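Peer 1: So that you have it, the file is model-v5.cif, and it contains mmCIF, C-alpha atoms:
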```
data_start
#
loop_
_atom_site.label_atom_id
_atom_site.label_comp_id
_atom_site.auth_asym_id
_atom_site.auth_seq_id
_atom_site.Cartn_x
_atom_site.Cartn_y
_atom_site.Cartn_z
CA MET B 232 -25.86 25.28 -3.52
CA GLY B 233 -24.95 24.99 -7.22
CA GLU B 234 -22.70 22.31 -8.70
CA HIS B 235 -19.83 24.77 -9.11
CA ASP B 236 -20.11 25.82 -5.46
CA LYS B 237 -20.11 22.18 -4.34
CA GLN B 238 -16.96 21.47 -6.36
CA THR B 239 -15.25 24.56 -4.95
CA GLU B 240 -16.18 23.62 -1.40
CA MET B 241 -14.87 20.08 -1.97
CA LYS B 242 -11.55 21.48 -3.24
CA ILE B 243 -11.32 23.70 -0.17
CA PHE B 244 -12.02 20.79 2.19
CA GLU B 245 -9.48 18.52 0.52
CA SER B 246 -6.82 21.22 0.42
CA ALA B 247 -7.49 22.41 3.97
CA THR B 248 -7.31 18.85 5.29
CA GLU B 249 -3.93 18.31 3.63
CA VAL B 250 -2.50 21.63 4.85
CA PHE B 251 -3.81 21.25 8.40
CA ILE B 252 -2.38 17.74 8.67
CA GLU B 253 0.99 18.80 7.22
CA LYS B 254 1.42 22.04 9.17
CA GLY B 255 -1.02 21.91 12.06
CA MET B 256 -3.55 24.56 12.98
CA ASP B 257 -0.93 27.14 13.99
CA GLY B 258 1.37 26.58 11.01
CA ALA B 259 -1.33 26.53 8.34
CA ARG B 260 -2.12 29.77 6.49
CA MET B 261 -5.29 30.58 4.60
CA GLN B 262 -3.13 31.55 1.60
CA ASP B 263 -1.55 28.06 1.61
CA ILE B 264 -5.01 26.49 1.51
CA ALA B 265 -6.26 28.83 -1.20
CA THR B 266 -3.19 28.17 -3.36
CA ARG B 267 -3.53 24.41 -3.04
CA ALA B 268 -7.23 24.61 -3.86
CA GLY B 269 -6.48 26.72 -6.93
CA ILE B 270 -8.59 29.67 -5.81
CA ASN B 271 -7.85 33.18 -4.56
CA GLN B 272 -7.84 33.97 -0.85
CA SER B 273 -10.86 36.25 -1.13
CA LEU B 274 -12.98 33.36 -2.39
CA LEU B 275 -11.72 31.17 0.45
CA HIS B 276 -12.79 33.83 2.96
CA TYR B 277 -16.17 33.98 1.24
CA TYR B 278 -16.77 30.33 2.15
CA TYR B 279 -15.00 30.42 5.54
CA ARG B 280 -14.36 33.79 7.15
CA THR B 281 -11.72 32.56 9.60
CA LYS B 282 -9.13 29.80 9.85
CA ASP B 283 -10.73 28.59 13.09
CA ARG B 284 -14.08 28.13 11.38
CA LEU B 285 -12.48 26.23 8.52
CA PHE B 286 -10.47 24.04 10.88
CA ASN B 287 -13.56 23.15 12.91
CA ALA B 288 -15.52 22.34 9.74
CA VAL B 289 -12.73 20.10 8.44
CA PHE B 290 -12.23 18.37 11.79
CA GLU B 291 -15.94 17.67 12.19
CA LYS B 292 -16.24 16.33 8.64
CA VAL B 293 -13.16 14.10 9.00
CA ALA B 294 -14.45 12.83 12.36
CA GLY B 295 -17.82 12.11 10.79
CA GLN B 296 -16.22 10.18 7.94
CA VAL B 297 -14.15 8.16 10.42
CA PHE B 298 -17.21 7.30 12.53
CA GLN B 299 -19.12 6.33 9.38
CA ARG B 300 -16.26 4.06 8.35
CA PHE B 301 -16.41 2.30 11.71
CA ALA B 302 -20.21 2.06 11.83
CA PRO B 303 -20.11 -1.77 11.50
CA VAL B 304 -18.56 -1.86 14.99
CA PHE B 305 -22.12 -1.31 16.22
CA ASP B 306 -23.62 -4.07 14.02
CA GLU B 307 -25.49 -6.36 16.41
CA HIS B 308 -24.87 -9.35 14.13
CA LEU B 309 -21.09 -9.27 14.68
CA SER B 310 -19.50 -10.88 17.71
CA LEU B 311 -17.14 -8.86 19.91
CA GLU B 312 -14.15 -10.70 18.47
CA GLU B 313 -15.32 -9.98 14.92
CA LYS B 314 -15.65 -6.30 15.80
CA ILE B 315 -12.14 -6.15 17.21
CA THR B 316 -10.80 -7.81 14.05
CA PHE B 317 -12.80 -5.39 11.88
CA PHE B 318 -11.58 -2.39 13.86
CA TYR B 319 -7.91 -3.17 13.36
CA ALA B 320 -8.32 -3.97 9.67
CA GLU B 321 -10.07 -0.64 9.07
CA HIS B 322 -8.14 1.54 11.52
CA LEU B 323 -4.69 0.45 10.39
CA GLU B 324 -5.70 0.85 6.74
CA LEU B 325 -7.07 4.32 7.46
CA LEU B 326 -3.81 5.31 9.15
CA ARG B 327 -1.75 3.80 6.34
CA GLN B 328 -3.65 5.98 3.88
CA ASN B 329 -3.25 9.00 6.19
CA PRO B 330 0.03 8.40 8.08
CA ALA B 331 0.36 11.99 9.31
CA LEU B 332 -3.09 11.94 10.95
CA PRO B 333 -2.04 10.62 14.41
CA GLY B 334 0.75 13.19 14.75
CA PHE B 335 -1.59 15.96 13.66
CA LEU B 336 -4.29 14.98 16.17
CA LEU B 337 -1.80 14.56 19.02
CA ASN B 338 -0.26 17.97 18.33
CA GLU B 339 -3.65 19.68 18.20
CA ILE B 340 -4.82 17.93 21.39
CA ASN B 341 -1.68 19.12 23.21
CA ARG B 342 -1.69 22.66 21.77
CA HIS B 343 -5.43 23.36 21.86
CA PRO B 344 -7.09 20.87 24.25
CA ASP B 345 -10.17 23.08 24.69
CA ARG B 346 -10.91 23.18 20.96
CA ILE B 347 -10.60 19.41 20.55
CA ARG B 348 -12.52 18.78 23.77
CA LYS B 349 -15.40 20.94 22.55
CA LEU B 350 -15.60 19.02 19.28
CA ILE B 351 -15.37 15.59 20.90
CA MET B 352 -18.05 16.50 23.47
CA GLY B 353 -20.50 16.47 20.56
CA PHE B 354 -20.15 12.71 20.24
CA ASP B 355 -22.49 10.50 22.26
CA ILE B 356 -19.78 8.40 23.91
CA THR B 357 -22.11 7.16 26.66
CA GLY B 358 -24.69 6.07 24.09
CA MET B 359 -22.07 4.16 22.11
CA TRP B 360 -20.90 2.33 25.22
CA GLU B 361 -24.45 1.45 26.26
CA LYS B 362 -25.20 0.08 22.80
CA LEU B 363 -22.13 -2.17 22.87
CA GLU B 364 -22.97 -3.23 26.41
CA ARG B 365 -26.45 -4.33 25.35
CA GLN B 366 -25.14 -6.20 22.33
CA HIS B 367 -22.35 -8.04 24.18
CA ARG B 368 -23.57 -8.34 27.75
CA GLU B 369 -22.52 -12.01 28.08
CA GLU B 370 -19.15 -11.44 26.42
CA PHE B 371 -18.46 -8.43 28.65
CA VAL B 372 -19.16 -10.55 31.72
CA ARG B 373 -17.03 -13.43 30.39
CA TYR B 374 -14.10 -11.13 29.58
CA GLY B 375 -14.47 -8.96 32.67
CA ILE B 376 -15.19 -5.77 30.69
CA THR B 377 -16.85 -3.13 32.91
CA ARG B 378 -17.55 0.60 32.87
CA GLU B 379 -14.64 1.00 35.28
CA ASN B 380 -12.01 -0.67 33.09
CA ILE B 381 -13.32 0.26 29.62
CA PRO B 382 -11.03 3.36 29.45
CA GLN B 383 -8.02 1.10 30.04
CA LEU B 384 -9.18 -1.35 27.39
CA MET B 385 -9.97 1.34 24.79
CA THR B 386 -6.64 3.14 25.18
CA SER B 387 -4.81 -0.19 24.97
CA ILE B 388 -6.69 -1.10 21.78
CA LEU B 389 -6.01 2.28 20.18
CA SER B 390 -2.32 2.36 21.14
CA LEU B 391 -1.66 -0.88 19.25
CA SER B 392 -2.64 0.79 15.98
CA VAL B 393 -1.77 4.44 16.61
CA PHE B 394 1.77 4.03 17.99
CA PRO B 395 3.36 2.57 14.82
CA PHE B 396 2.31 5.71 12.92
CA ALA B 397 3.02 8.18 15.72
CA ALA B 398 6.56 6.76 15.83
CA LYS B 399 6.83 5.91 12.13
CA GLY B 400 10.06 7.87 11.60
CA LEU B 401 11.90 5.83 14.20
CA LEU B 402 10.07 2.54 13.66
CA SER B 403 10.68 2.55 9.90
CA VAL B 404 14.45 2.78 10.46
CA ILE B 405 14.41 -0.04 13.01
CA LEU B 406 12.29 -2.26 10.76
CA GLU B 407 14.53 -1.53 7.75
CA LYS B 408 17.63 -2.55 9.71
CA MET B 409 15.83 -5.78 10.65
CA GLY B 410 14.93 -6.43 7.02
CA TYR B 411 11.22 -5.59 7.28
CA ASP B 412 9.10 -3.36 5.03
CA PHE B 413 6.84 -0.93 6.93
CA ASP B 414 3.78 -1.50 4.72
CA ASP B 415 4.16 -5.27 5.01
CA TYR B 416 4.53 -4.87 8.78
CA ILE B 417 1.27 -2.87 8.94
CA GLU B 418 -0.58 -5.41 6.80
CA LYS B 419 0.46 -8.24 9.13
CA ARG B 420 -0.28 -6.10 12.18
CA LYS B 421 -3.99 -6.00 11.28
CA LYS B 422 -4.34 -9.65 12.31
CA TYR B 423 -1.60 -9.64 14.95
CA ALA B 424 -3.11 -6.75 16.95
CA ALA B 425 -6.61 -8.28 16.82
CA HIS B 426 -5.33 -11.68 17.99
CA PHE B 427 -3.26 -10.01 20.72
CA VAL B 428 -6.28 -8.20 22.20
CA ILE B 429 -8.63 -11.17 21.87
CA ASN B 430 -6.13 -13.52 23.55
CA ALA B 431 -5.53 -10.97 26.33
CA LEU B 432 -9.29 -10.77 26.99
CA LYS B 433 -9.61 -14.56 27.07
CA GLN B 434 -6.78 -14.84 29.58
CA GLY B 435 -8.50 -12.24 31.72
#
```
Kindly present the structure from the file in structure tokens form.
Peer 2:
Amino acid sequence: MGEHDKQTEMKIFESATEVFIEKGMDGARMQDIATRAGINQSLLHYYYRTKDRLFNAVFEKVAGQVFQRFAPVFDEHLSLEEKITFFYAEHLELLRQNPALPGFLLNEINRHPDRIRKLIMGFDITGMWEKLERQHREEFVRYGITRENIPQLMTSILSLSVFPFAAKGLLSVILEKMGYDFDDYIEKRKKYAAHFVINALKQG
């Protein structure tokens, strides 16, 4: 692939990501994506024949970038508490930079569960769990973390960072009336959420 082709493909990815997040899979049009990328629709179809193919390519690339960003979670030199702290610092910052992302993902999961399920099935979830289990066997025993309750723990951890953005429209108004700035609230939440989870684990 030549340099010009790489630049064009990058423009398409960036534009498609923005349009899909703003309008969802159903609301997005190939013409919208082509216009934002500064190319004609015929060229867009040359790279990606269908909207479904483009959506899947964008979703997989975004998911890959997210997993790469959180790769240190599997660093054997970090304690479980350090990993929880790292997760919230990175996850909340990622969502702050992409505030529409949670709503987009939730909408797509509800509208097209089979498509999202197919993409997620490509991730080695079992392998990730087993790696963490090997690295933190003693901590898992101490905190009572098991295969049976890990789904409860993971959804609780995620909800503490996802909910503020999923409900940003309402939460921003409430915070403003209380005299709080949303960005400042998110910055402080990075430490608060980590401490909340760690303390909950210690109390068992």
Peer 1: Report as a PyMOL selection string the residues that result from applying the PyMOL selection byres ((chain B and resi 396) around 12) to the structure here.
Peer 2: chain B and resi 322-337+389-395+397-403+413-414+416-417
Peer 1: Of the candidates B:Thr377, B:Gln366, B:Gln299, B:Asn287, which one gets nearest to Lys349 of chain B if we count all atoms listed in the file?
Peer 2: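 Closest to Lys349 of chain B, using all atoms listed in the file: B:Asn287.
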Peer 1: Could you jot down the atom CA of Asp415 of chain B to atom CA of Ile429 of chain B separation for me, Å, one decimal place?
Peer 2: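 Result for atom CA of Asp415 of chain B versus atom CA of Ile429 of chain B: 22.0 Å, one decimal.
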Peer 1: In Å, with one decimal, what is the gap from atom CA of Glu418 of chain B to atom CA of Gln296 of chain B?
Peer 2: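 Those two atoms sit 22.1 Å apart.
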Peer 1: Please, what distance in Å, to one decimal, runs between atom CA of Gly375 of chain B and atom CA of Glu312 of chain B?
Peer 2: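 Value for the atom CA of Gly375 of chain B-atom CA of Glu312 of chain B distance: 14.3 Å.
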Peer 1: For the provided coordinates, the residues matched by the PyMOL selection byres ((chain B and resi 352-359) around 10) should be stated as an NGL selection string.
Peer 2: :B and (291 or 294-295 or 298 or 304-305 or 347-351 or 360-364)
Peer 1: Tell me which of B:Ile388, B:Leu311, B:Val428, B:Val293 sits closest to Glu369 of chain B, counting only C-alpha atoms.
Peer 2: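 Residue with the minimum atom-to-atom distance to Glu369 of chain B: B:Leu311.
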Peer 1: Assuming the chain letters and numbering stay as they are in my file, what does the PyMOL selection byres ((chain B and resi 247) around 8) actually select? List them as a list of chain:residue names.
Peer 2: B:Ile243, B:Phe244, B:Glu245, B:Ser246, B:Thr248, B:Glu249, B:Val250, B:Phe251, B:Ile264, B:Leu285, B:Phe286, B:Val289
Peer 1: Looking at all atoms listed in the file, which of B:His367, B:Lys422, B:Leu274, B:Ala431 is the one that sits closest to Asp306 of chain B?
Peer 2: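 Of B:His367, B:Lys422, B:Leu274, B:Ala431, the one nearest Asp306 of chain B, counting all atoms listed in the file, is B:His367.
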Peer 1: With only C-alpha atoms as the basis for distance, which of B:Lys282, B:Arg420, B:Glu313, B:Phe318 is at the shortest distance from Val297 of chain B?
Peer 2: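 Of all the options, B:Phe318 lies closest to Val297 of chain B.
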Peer 1: Taking all atoms of segment 285-292 of chain B that the file lists and extending 8 Å past them on each side, where is the centre of the axis-aligned box and how long are its edges? Answer in Å to one decimal, as JSON.
Peer 2:
```
{"center_x": -13.4, "center_y": 21.3, "center_z": 10.7, "size_x": 21.8, "size_y": 25.9, "size_z": 20.5}
```
Peer 1: Can you patch up segment 287-313 of chain B, filling it in to N, CA and C atoms, and show the result as an mmCIF file, in the frame of the given file?
Peer 2:
```cif
data_model
loop_
_atom_site.group_PDB
_atom_site.id
_atom_site.type_symbol
_atom_site.label_atom_id
_atom_site.label_comp_id
_atom_site.auth_asym_id
_atom_site.auth_seq_id
_atom_site.Cartn_x
_atom_site.Cartn_y
_atom_site.Cartn_z
ATOM 1 N N ASN B 287 -12.482 23.867 12.237
ATOM 2 C CA ASN B 287 -13.560 23.150 12.910
ATOM 3 C C ASN B 287 -14.427 22.378 11.915
ATOM 4 N N ALA B 288 -14.705 23.006 10.761
ATOM 5 C CA ALA B 288 -15.520 22.340 9.740
ATOM 6 C C ALA B 288 -14.810 21.107 9.206
ATOM 7 N N VAL B 289 -13.510 21.229 8.951
ATOM 8 C CA VAL B 289 -12.730 20.100 8.440
ATOM 9 C C VAL B 289 -12.649 18.995 9.488
ATOM 10 N N PHE B 290 -12.365 19.368 10.732
ATOM 11 C CA PHE B 290 -12.230 18.370 11.790
ATOM 12 C C PHE B 290 -13.527 17.597 11.976
ATOM 13 N N GLU B 291 -14.652 18.313 11.998
ATOM 14 C CA GLU B 291 -15.940 17.670 12.190
ATOM 15 C C GLU B 291 -16.275 16.742 11.023
ATOM 16 N N LYS B 292 -15.939 17.161 9.799
ATOM 17 C CA LYS B 292 -16.240 16.330 8.640
ATOM 18 C C LYS B 292 -15.356 15.075 8.644
ATOM 19 N N VAL B 293 -14.074 15.244 8.945
ATOM 20 C CA VAL B 293 -13.160 14.100 9.000
ATOM 21 C C VAL B 293 -13.612 13.128 10.088
ATOM 22 N N ALA B 294 -13.980 13.678 11.258
ATOM 23 C CA ALA B 294 -14.450 12.830 12.360
ATOM 24 C C ALA B 294 -15.705 12.078 11.954
ATOM 25 N N GLY B 295 -16.598 12.758 11.254
ATOM 26 C CA GLY B 295 -17.820 12.110 10.790
ATOM 27 C C GLY B 295 -17.541 10.989 9.815
ATOM 28 N N GLN B 296 -16.585 11.212 8.916
ATOM 29 C CA GLN B 296 -16.220 10.180 7.940
ATOM 30 C C GLN B 296 -15.597 8.973 8.643
ATOM 31 N N VAL B 297 -14.789 9.245 9.666
ATOM 32 C CA VAL B 297 -14.150 8.160 10.420
ATOM 33 C C VAL B 297 -15.216 7.333 11.141
ATOM 34 N N PHE B 298 -16.146 8.010 11.809
ATOM 35 C CA PHE B 298 -17.210 7.300 12.530
ATOM 36 C C PHE B 298 -18.079 6.493 11.562
ATOM 37 N N GLN B 299 -18.327 7.047 10.381
ATOM 38 C CA GLN B 299 -19.120 6.330 9.380
ATOM 39 C C GLN B 299 -18.385 5.079 8.924
ATOM 40 N N ARG B 300 -17.072 5.197 8.784
ATOM 41 C CA ARG B 300 -16.260 4.060 8.350
ATOM 42 C C ARG B 300 -16.305 2.930 9.373
ATOM 43 N N PHE B 301 -16.418 3.313 10.649
ATOM 44 C CA PHE B 301 -16.410 2.300 11.710
ATOM 45 C C PHE B 301 -17.810 1.948 12.199
ATOM 46 N N ALA B 302 -18.823 2.352 11.450
ATOM 47 C CA ALA B 302 -20.210 2.060 11.830
ATOM 48 C C ALA B 302 -20.472 0.571 12.064
ATOM 49 N N PRO B 303 -19.863 -0.342 11.272
ATOM 50 C CA PRO B 303 -20.110 -1.770 11.500
ATOM 51 C C PRO B 303 -19.710 -2.267 12.895
ATOM 52 N N VAL B 304 -18.917 -1.471 13.625
ATOM 53 C CA VAL B 304 -18.560 -1.860 14.990
ATOM 54 C C VAL B 304 -19.811 -1.968 15.855
ATOM 55 N N PHE B 305 -20.874 -1.277 15.451
ATOM 56 C CA PHE B 305 -22.120 -1.310 16.220
ATOM 57 C C PHE B 305 -23.154 -2.246 15.598
ATOM 58 N N ASP B 306 -22.733 -3.087 14.649
ATOM 59 C CA ASP B 306 -23.620 -4.070 14.020
ATOM 60 C C ASP B 306 -23.886 -5.196 15.018
ATOM 61 N N GLU B 307 -25.135 -5.361 15.386
ATOM 62 C CA GLU B 307 -25.490 -6.360 16.410
ATOM 63 C C GLU B 307 -25.256 -7.786 15.952
ATOM 64 N N HIS B 308 -25.064 -8.000 14.647
ATOM 65 C CA HIS B 308 -24.870 -9.350 14.130
ATOM 66 C C HIS B 308 -23.405 -9.808 14.195
ATOM 67 N N LEU B 309 -22.505 -8.908 14.557
ATOM 68 C CA LEU B 309 -21.090 -9.270 14.680
ATOM 69 C C LEU B 309 -20.751 -9.554 16.136
ATOM 70 N N SER B 310 -19.951 -10.580 16.356
ATOM 71 C CA SER B 310 -19.500 -10.880 17.710
ATOM 72 C C SER B 310 -18.457 -9.833 18.125
ATOM 73 N N LEU B 311 -18.135 -9.803 19.415
ATOM 74 C CA LEU B 311 -17.140 -8.860 19.910
ATOM 75 C C LEU B 311 -15.784 -9.110 19.256
ATOM 76 N N GLU B 312 -15.431 -10.370 19.091
ATOM 77 C CA GLU B 312 -14.150 -10.700 18.470
ATOM 78 C C GLU B 312 -14.124 -10.258 17.001
ATOM 79 N N GLU B 313 -15.237 -10.413 16.312
ATOM 80 C CA GLU B 313 -15.320 -9.980 14.920
ATOM 81 C C GLU B 313 -15.195 -8.455 14.821
#
```
